[in-house]
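Data file: entry.txt. Format and content: compact mmCIF, C-alpha atoms.
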# COMPACT_ATOMS: atom_id res chain seq x y z
CA MET F 723 -0.63 -2.85 -17.00
CA LYS F 724 -2.16 -3.67 -13.64
CA ASN F 725 0.40 -5.11 -11.25
CA HIS F 726 -1.03 -5.40 -7.74
CA SER F 727 1.69 -6.59 -5.36
CA THR F 728 2.24 -6.58 -1.61
CA TRP F 729 5.40 -4.47 -1.69
CA VAL F 730 3.78 -1.21 -0.65
CA SER F 731 1.85 -2.94 2.14
CA ILE F 732 5.14 -3.88 3.76
CA VAL F 733 6.33 -0.28 4.05
CA CYS F 734 3.03 1.07 5.32
CA VAL F 735 1.92 1.58 8.90
CA ILE F 736 1.96 -1.88 10.40
CA ALA F 737 4.23 -0.57 13.14
CA SER F 738 1.64 1.98 14.18
CA PHE F 739 -0.89 -0.80 14.65
CA ALA F 740 1.54 -2.76 16.79
CA GLN F 741 1.82 0.24 19.10
CA ALA F 742 -1.92 0.83 19.09
CA TRP F 743 -2.81 -2.75 20.03
CA ALA F 744 -1.09 -2.28 23.37
CA THR F 745 -3.51 0.51 24.27
CA VAL F 746 -6.73 -1.47 23.84
CA ASP F 747 -7.85 -4.01 26.42
CA MET F 748 -8.45 -7.59 25.29
CA PRO F 749 -10.80 -9.72 27.43
CA GLN F 750 -8.60 -12.18 29.28
CA GLU F 751 -10.39 -15.27 27.98
CA LYS F 752 -9.59 -14.23 24.40
CA GLU F 753 -6.03 -13.03 24.95
CA ALA F 754 -4.42 -16.42 24.33
CA GLU F 755 -6.37 -16.98 21.12
CA TYR F 756 -5.50 -13.50 19.91
CA SER F 757 -1.81 -13.98 20.75
CA GLU F 758 -1.79 -17.19 18.74
CA ALA F 759 -3.32 -15.34 15.79
CA VAL F 760 -0.61 -12.67 16.02
CA LEU F 761 2.11 -15.32 15.99
CA GLU F 762 0.57 -17.03 12.96
CA TYR F 763 0.32 -13.72 11.13
CA GLN F 764 3.92 -12.81 11.91
CA ALA F 765 5.00 -16.24 10.68
CA GLY F 766 3.21 -15.64 7.39
CA ASN F 767 0.43 -18.14 8.13
CA ALA F 768 -2.57 -15.95 7.30
CA ASP F 769 -4.85 -18.95 6.74
CA LYS F 770 -4.17 -20.18 10.27
CA ALA F 771 -4.58 -16.75 11.85
CA MET F 772 -7.98 -16.04 10.32
CA PRO F 773 -10.02 -18.80 12.05
CA LYS F 774 -8.72 -17.66 15.44
CA LEU F 775 -9.73 -14.07 14.74
CA ASP F 776 -13.14 -15.11 13.41
CA ALA F 777 -13.71 -17.11 16.60
CA ILE F 778 -13.05 -14.01 18.69
CA LEU F 779 -15.19 -11.78 16.49
CA SER F 780 -18.10 -14.22 16.46
CA GLU F 781 -18.52 -13.47 20.18
CA GLN F 782 -17.14 -9.92 20.21
CA PRO F 783 -17.83 -8.38 16.76
CA ASP F 784 -16.49 -4.97 17.82
CA ASN F 785 -13.23 -6.22 19.29
CA ILE F 786 -10.82 -3.53 18.07
CA LYS F 787 -7.62 -5.54 18.30
CA ALA F 788 -9.07 -8.55 16.50
CA LEU F 789 -10.55 -6.35 13.77
CA GLU F 790 -7.23 -4.55 13.22
CA LEU F 791 -5.35 -7.80 12.87
CA LYS F 792 -8.05 -9.26 10.61
CA GLY F 793 -7.74 -6.24 8.33
CA LEU F 794 -3.98 -6.74 8.09
CA VAL F 795 -4.37 -10.48 7.49
CA LEU F 796 -6.85 -9.85 4.66
CA LYS F 797 -4.50 -7.26 3.22
CA SER F 798 -1.59 -9.73 3.30
CA LYS F 799 -3.80 -12.12 1.31
CA GLU F 800 -4.52 -9.31 -1.19
CA ASN F 801 -8.21 -9.51 -0.32
CA TRP F 802 -8.52 -5.76 -0.78
CA LYS F 803 -12.31 -5.59 -0.73
CA ASP F 804 -12.87 -7.41 2.55
CA ALA F 805 -9.89 -5.65 4.16
CA ALA F 806 -11.43 -2.29 3.22
CA ARG F 807 -14.72 -3.34 4.83
CA VAL F 808 -12.92 -4.18 8.06
CA PHE F 809 -11.12 -0.83 8.22
CA LEU F 810 -14.33 1.02 7.35
CA LYS F 811 -15.93 -0.66 10.36
CA LEU F 812 -12.96 0.33 12.52
CA ARG F 813 -13.35 3.90 11.30
CA LYS F 814 -16.95 3.92 12.51
CA LEU F 815 -15.97 2.39 15.84
CA ALA F 816 -13.15 4.89 16.39
CA LYS F 817 -15.32 7.63 17.87
CA SER F 818 -17.34 5.45 20.23
CA ALA F 819 -14.20 3.57 21.32
CA HIS F 820 -12.38 6.85 22.07
CA ILE F 821 -9.55 5.98 19.69
CA ASP F 822 -6.76 8.56 19.59
CA ASP F 823 -6.38 10.76 16.49
CA GLU F 824 -3.26 9.12 15.10
CA LYS F 825 -4.74 5.67 15.27
CA ALA F 826 -7.97 6.89 13.68
CA LEU F 827 -5.87 8.37 10.86
CA SER F 828 -4.23 4.98 10.36
CA TYR F 829 -7.69 3.61 9.53
CA GLU F 830 -8.23 6.42 7.01
CA PHE F 831 -4.85 5.59 5.47
CA GLN F 832 -5.57 1.89 5.17
CA ILE F 833 -8.96 2.55 3.58
CA GLY F 834 -7.46 4.97 1.07
CA THR F 835 -4.67 2.62 0.01
CA LEU F 836 -7.04 -0.33 -0.27
CA LEU F 837 -9.42 1.69 -2.46
CA VAL F 838 -6.48 2.47 -4.74
CA GLN F 839 -5.79 -1.25 -4.97
CA LEU F 840 -9.45 -1.67 -5.95
CA GLN F 841 -8.97 1.08 -8.57
CA LYS F 842 -11.62 3.23 -6.90
CA TYR F 843 -9.46 6.31 -7.18
CA ASP F 844 -12.16 8.95 -6.72
CA LYS F 845 -13.25 7.32 -3.45
CA ALA F 846 -9.68 6.83 -2.23
CA LYS F 847 -8.59 10.43 -2.73
CA PRO F 848 -10.48 12.07 0.21
CA PHE F 849 -9.10 9.51 2.68
CA LEU F 850 -5.52 10.03 1.55
CA GLN F 851 -5.87 13.81 1.37
CA LYS F 852 -7.07 13.80 4.96
CA CYS F 853 -3.96 11.85 5.97
CA PHE F 854 -1.71 14.22 4.04
CA LYS F 855 -3.25 17.32 5.61
CA ALA F 856 -2.83 15.77 9.06
CA GLY F 857 0.82 14.91 8.34
CA PHE F 858 0.23 11.17 8.63
CA ASN F 859 2.64 8.78 6.88
CA ILE F 860 3.46 11.46 4.31
CA PRO F 861 5.80 9.65 1.87
CA VAL F 862 3.52 6.65 1.36
CA THR F 863 0.44 8.87 1.23
CA LYS F 864 2.08 10.99 -1.47
CA PHE F 865 2.96 7.87 -3.44
CA TYR F 866 -0.70 6.84 -3.57
CA LEU F 867 -1.80 10.39 -4.33
CA GLY F 868 0.66 10.27 -7.22
CA ILE F 869 -1.07 7.16 -8.54
CA ILE F 870 -4.43 8.89 -8.31
CA ALA F 871 -3.12 12.02 -10.04
CA MET F 872 -1.88 9.87 -12.92
CA GLU F 873 -5.29 8.24 -13.24
CA GLU F 874 -6.85 11.71 -13.31
CA GLY F 875 -4.41 12.82 -16.00
CA ASP F 876 -2.74 15.41 -13.76
CA LEU F 877 0.85 14.59 -14.68
CA ARG F 878 2.24 17.69 -12.99
CA ASP F 879 0.77 16.77 -9.61
CA ALA F 880 1.75 13.12 -10.08
CA GLN F 881 5.34 14.11 -10.85
CA SER F 882 5.49 16.35 -7.79
CA ASN F 883 4.27 13.53 -5.54
CA PHE F 884 6.68 10.92 -6.91
CA ARG F 885 9.64 13.31 -6.70
CA SER F 886 8.76 13.90 -3.07
CA VAL F 887 8.82 10.14 -2.42
CA VAL F 888 12.21 9.82 -4.12
CA ARG F 889 13.57 12.48 -1.74
CA SER F 890 12.07 10.74 1.32
CA ASP F 891 13.58 8.06 3.55
CA VAL F 892 11.10 5.35 2.45
CA GLU F 893 13.53 3.23 0.47
CA GLY F 894 10.92 0.64 -0.55
CA LEU F 895 8.98 3.16 -2.64
CA LYS F 896 11.85 4.87 -4.44
CA ALA F 897 12.17 2.29 -7.24
CA PRO F 898 8.45 2.32 -8.16
CA SER F 899 8.45 6.13 -7.90
CA HIS F 900 11.29 6.32 -10.42
CA PHE F 901 9.30 3.91 -12.58
CA TYR F 902 6.32 6.25 -12.59
CA LEU F 903 8.49 9.30 -13.22
CA GLY F 904 9.64 7.45 -16.33
CA VAL F 905 6.06 6.82 -17.39
CA ILE F 906 5.24 10.50 -16.91
CA ALA F 907 8.26 11.54 -18.98
CA LYS F 908 7.29 9.07 -21.71
CA ARG F 909 3.75 10.43 -21.84
CA ARG F 910 5.30 13.85 -22.37
CA LYS F 911 7.46 12.38 -25.15
CA GLU F 912 10.63 13.01 -23.13
CA ASP F 913 12.28 9.74 -24.11
CA THR F 914 15.73 10.42 -22.65
CA ALA F 915 14.31 11.35 -19.23
CA ALA F 916 12.01 8.33 -19.30
CA GLU F 917 14.86 5.94 -20.02
CA ALA F 918 17.00 7.49 -17.27
CA SER F 919 14.20 7.09 -14.68
CA TRP F 920 13.56 3.49 -15.68
CA LYS F 921 17.25 2.62 -15.48
CA THR F 922 17.40 4.10 -11.99
CA ALA F 923 14.32 2.09 -11.01
CA LYS F 924 15.93 -1.03 -12.44
CA GLU F 925 19.19 -0.54 -10.51
CA MET F 926 17.31 -0.06 -7.25
CA ALA F 927 15.04 -3.05 -7.84
CA GLU F 928 18.00 -5.27 -8.73
CA THR F 929 19.68 -4.35 -5.44
CA ILE F 930 16.55 -5.18 -3.46
CA SER F 931 15.93 -8.43 -5.32
CA ARG F 932 19.44 -9.67 -4.46
CA ASP F 933 19.45 -8.50 -0.85
CA PRO F 934 19.07 -11.54 1.46
CA ALA F 935 18.00 -9.19 4.25
CA SER F 936 14.90 -8.16 2.28
CA ALA F 937 11.64 -9.93 3.06
CA PRO F 938 10.57 -12.54 0.48
CA ALA F 939 7.56 -10.46 -0.58
CA THR F 940 9.81 -7.43 -0.99
CA ARG F 941 12.22 -9.35 -3.23
CA GLU F 942 9.32 -10.71 -5.25
CA GLY F 943 7.91 -7.21 -5.66
CA ALA F 944 11.29 -6.00 -6.89
CA LYS F 945 11.40 -8.81 -9.45
CA GLN F 946 7.95 -7.83 -10.71
CA LEU F 947 9.09 -4.25 -11.08
CA LEU F 948 12.19 -5.39 -12.98
CA ALA F 949 9.99 -7.28 -15.42
CA SER F 950 7.88 -4.17 -15.99
CA VAL F 951 10.94 -1.96 -16.57
CA ASP F 952 12.57 -4.47 -18.92
CA THR F 953 9.38 -4.59 -20.99
CA LEU F 954 9.32 -0.81 -21.33
CA LEU F 955 13.04 -0.45 -22.07
CA SER F 956 12.83 -3.09 -24.81
CA MET F 957 10.09 -1.27 -26.71
CA PRO F 958 10.93 1.02 -29.65
CA SER F 959 10.19 4.67 -28.87
CA ASP F 960 7.58 4.82 -31.62
CA SER F 961 5.97 1.48 -30.80
CA GLY F 962 2.20 1.42 -30.95
CA GLN F 963 2.33 -1.24 -28.25
CA SER F 964 4.25 1.17 -26.08
CA SER F 965 1.61 3.88 -26.49
CA ALA F 966 -1.16 1.50 -25.51
CA LEU F 967 0.84 0.37 -22.49
CA PHE F 968 1.40 3.91 -21.19
CA ALA F 969 -2.26 4.73 -21.62
CA SER F 970 -3.26 1.88 -19.31
CA VAL F 971 -0.57 1.93 -16.60
CA GLY F 972 -2.11 1.19 -13.24
CA LEU F 973 -0.69 0.47 -9.80
CA VAL F 974 2.84 -0.86 -10.08
CA THR F 975 4.41 -1.16 -6.65
CA GLY F 976 6.95 -3.85 -7.15

Any chance you could put this one into structure tokens?
Amino acid sequence: MKNHSTWVSIVCVIASFAQAWATVDMPQEKEAEYSEAVLEYQAGNADKAMPKLDAILSEQPDNIKALELKGLVLKSKENWKDAARVFLKLRKLAKSAHIDDEKALSYEFQIGTLLVQLQKYDKAKPFLQKCFKAGFNIPVTKFYLGIIAMEEGDLRDAQSNFRSVVRSDVEGLKAPSHFYLGVIAKRRKEDTAAEASWKTAKEMAETISRDPASAPATREGAKQLLASVDTLLSMPSDSGQSSALFASVGLVTG
């Protein structure tokens, strides 16, 4: 079950980029075009933002601010591969551009999460481990490390990571973390614990899906998670279909 949504992207480090943009100079002649791209992105018009950013980058290919926003725009369009390429370029530029450590770590984080979306777990792990060791965006980093641990078959490490997320203050990742804790319990043939985790995930996702204050993408992600949970809860405990499903669970974020 491969369910690649935008829910996790919303709770990631967009705020850190907003702060970082203010520290990098933008040539005056491009400031207006860049500002228009920001407004389009914030309004959810990724297709309108991209041409403005490409126009800037055609003349200034190493423009940090334009590259950062382009990476986020591509990510919002779920173009994981091209977004990863942009953040890899930013990572290379970080040293020569004298980028501060926290901002450089945000590039590492974005690359790691995008590689998880691309199911390149072995390549994603070093980037996310670096963020974890540096104390950067710990709850979300641990969520992705939990995904990787599951793919590696390390259920103990995966469980530890997801439990940590559940105890954190990142509300948007608690429902999917409970979902995965249920999957881990099911793989261990702990049916009662699995059902309890899935019911908790369902209750949380239902609350989010009905909350008018939640962003549309967040509500949609919650609905996708609800569908996944309902499928699992409706399966008999000895179902062969269930076994096949647990063996192939991938990234479910909403």

Using all atoms listed in the file, determine which residues lie at most 12 Å from stretch 752-756 of chain F, disregarding the query and same-chain residues fewer than 3 positions distant; provide the list as a count of residues only. 32

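Nearest to F:Ser890 of all the residues F:Leu827, F:Ile860, F:Ile821, F:Ile833 is F:Ile860, based on only C-alpha atoms.
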
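Note that atom CA of F:Lys799 and atom CA of F:Ser899 are 23.8 Å apart.
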
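Closest approach to F:Lys855 from the set F:Phe831, F:Phe884, F:Ala871, F:Tyr843 is made by F:Phe831, with distances taken over only C-alpha atoms.
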
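One distance worth recording is that between atom CA of F:His900 and atom CA of F:Ala923, which is 5.2 Å.
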
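Going from atom CA of F:Leu837 over to atom CA of F:Asp879, you cover 19.6 Å.
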
Using only C-alpha atoms, pick whichever of F:Asn767, F:Gln881, F:Ser828, F:Asn801 has the shortest atom-to-atom distance to F:Leu840. F:Asn801

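Distance annotation: of F:Lys864, F:Lys842, F:Lys908, F:Lys924, the residue with the minimal separation from F:Gln946 is F:Lys924; atom set is all atoms listed in the file.
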
Using all atoms listed in the file, the residue out of F:Glu830, F:Glu917, F:Asp822, F:Glu874 with shortest distance to F:Asp844 is F:Glu874

Point (-5.8, -5.6, 4.7) neighbourhood (12 Å, only C-alpha atoms) written as a PyMOL selection string: chain F and resi 728+730-732+734-736+768+789-810+829+831-837+839-840

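Distances to F:Thr940 were evaluated for F:Leu895, F:Val887, F:Ala819, F:Ala846 using only C-alpha atoms, and the minimum falls at F:Leu895.
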
Distance cut-off 9 Å, centre (-0.7, 8.4, -11.2) in file coordinates, counting only C-alpha atoms: which residues qualify? Return them as a PDB file with C-alpha atoms, keeping the file's coordinate frame.
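Result file follows (part29.pdb):
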ATOM      1  CA  PHE F 865       2.960   7.870  -3.440  1.00  0.00           C
ATOM      2  CA  TYR F 866      -0.700   6.840  -3.570  1.00  0.00           C
ATOM      3  CA  LEU F 867      -1.800  10.390  -4.330  1.00  0.00           C
ATOM      4  CA  GLY F 868       0.660  10.270  -7.220  1.00  0.00           C
ATOM      5  CA  ILE F 869      -1.070   7.160  -8.540  1.00  0.00           C
ATOM      6  CA  ILE F 870      -4.430   8.890  -8.310  1.00  0.00           C
ATOM      7  CA  ALA F 871      -3.120  12.020 -10.040  1.00  0.00           C
ATOM      8  CA  MET F 872      -1.880   9.870 -12.920  1.00  0.00           C
ATOM      9  CA  GLU F 873      -5.290   8.240 -13.240  1.00  0.00           C
ATOM     10  CA  GLU F 874      -6.850  11.710 -13.310  1.00  0.00           C
ATOM     11  CA  GLY F 875      -4.410  12.820 -16.000  1.00  0.00           C
ATOM     12  CA  ASP F 876      -2.740  15.410 -13.760  1.00  0.00           C
ATOM     13  CA  LEU F 877       0.850  14.590 -14.680  1.00  0.00           C
ATOM     14  CA  ASP F 879       0.770  16.770  -9.610  1.00  0.00           C
ATOM     15  CA  ALA F 880       1.750  13.120 -10.080  1.00  0.00           C
ATOM     16  CA  GLN F 881       5.340  14.110 -10.850  1.00  0.00           C
ATOM     17  CA  PHE F 884       6.680  10.920  -6.910  1.00  0.00           C
ATOM     18  CA  TYR F 902       6.320   6.250 -12.590  1.00  0.00           C
ATOM     19  CA  ILE F 906       5.240  10.500 -16.910  1.00  0.00           C
ATOM     20  CA  VAL F 971      -0.570   1.930 -16.600  1.00  0.00           C
ATOM     21  CA  GLY F 972      -2.110   1.190 -13.240  1.00  0.00           C
ATOM     22  CA  LEU F 973      -0.690   0.470  -9.800  1.00  0.00           C
TER      23      LEU F 973
END
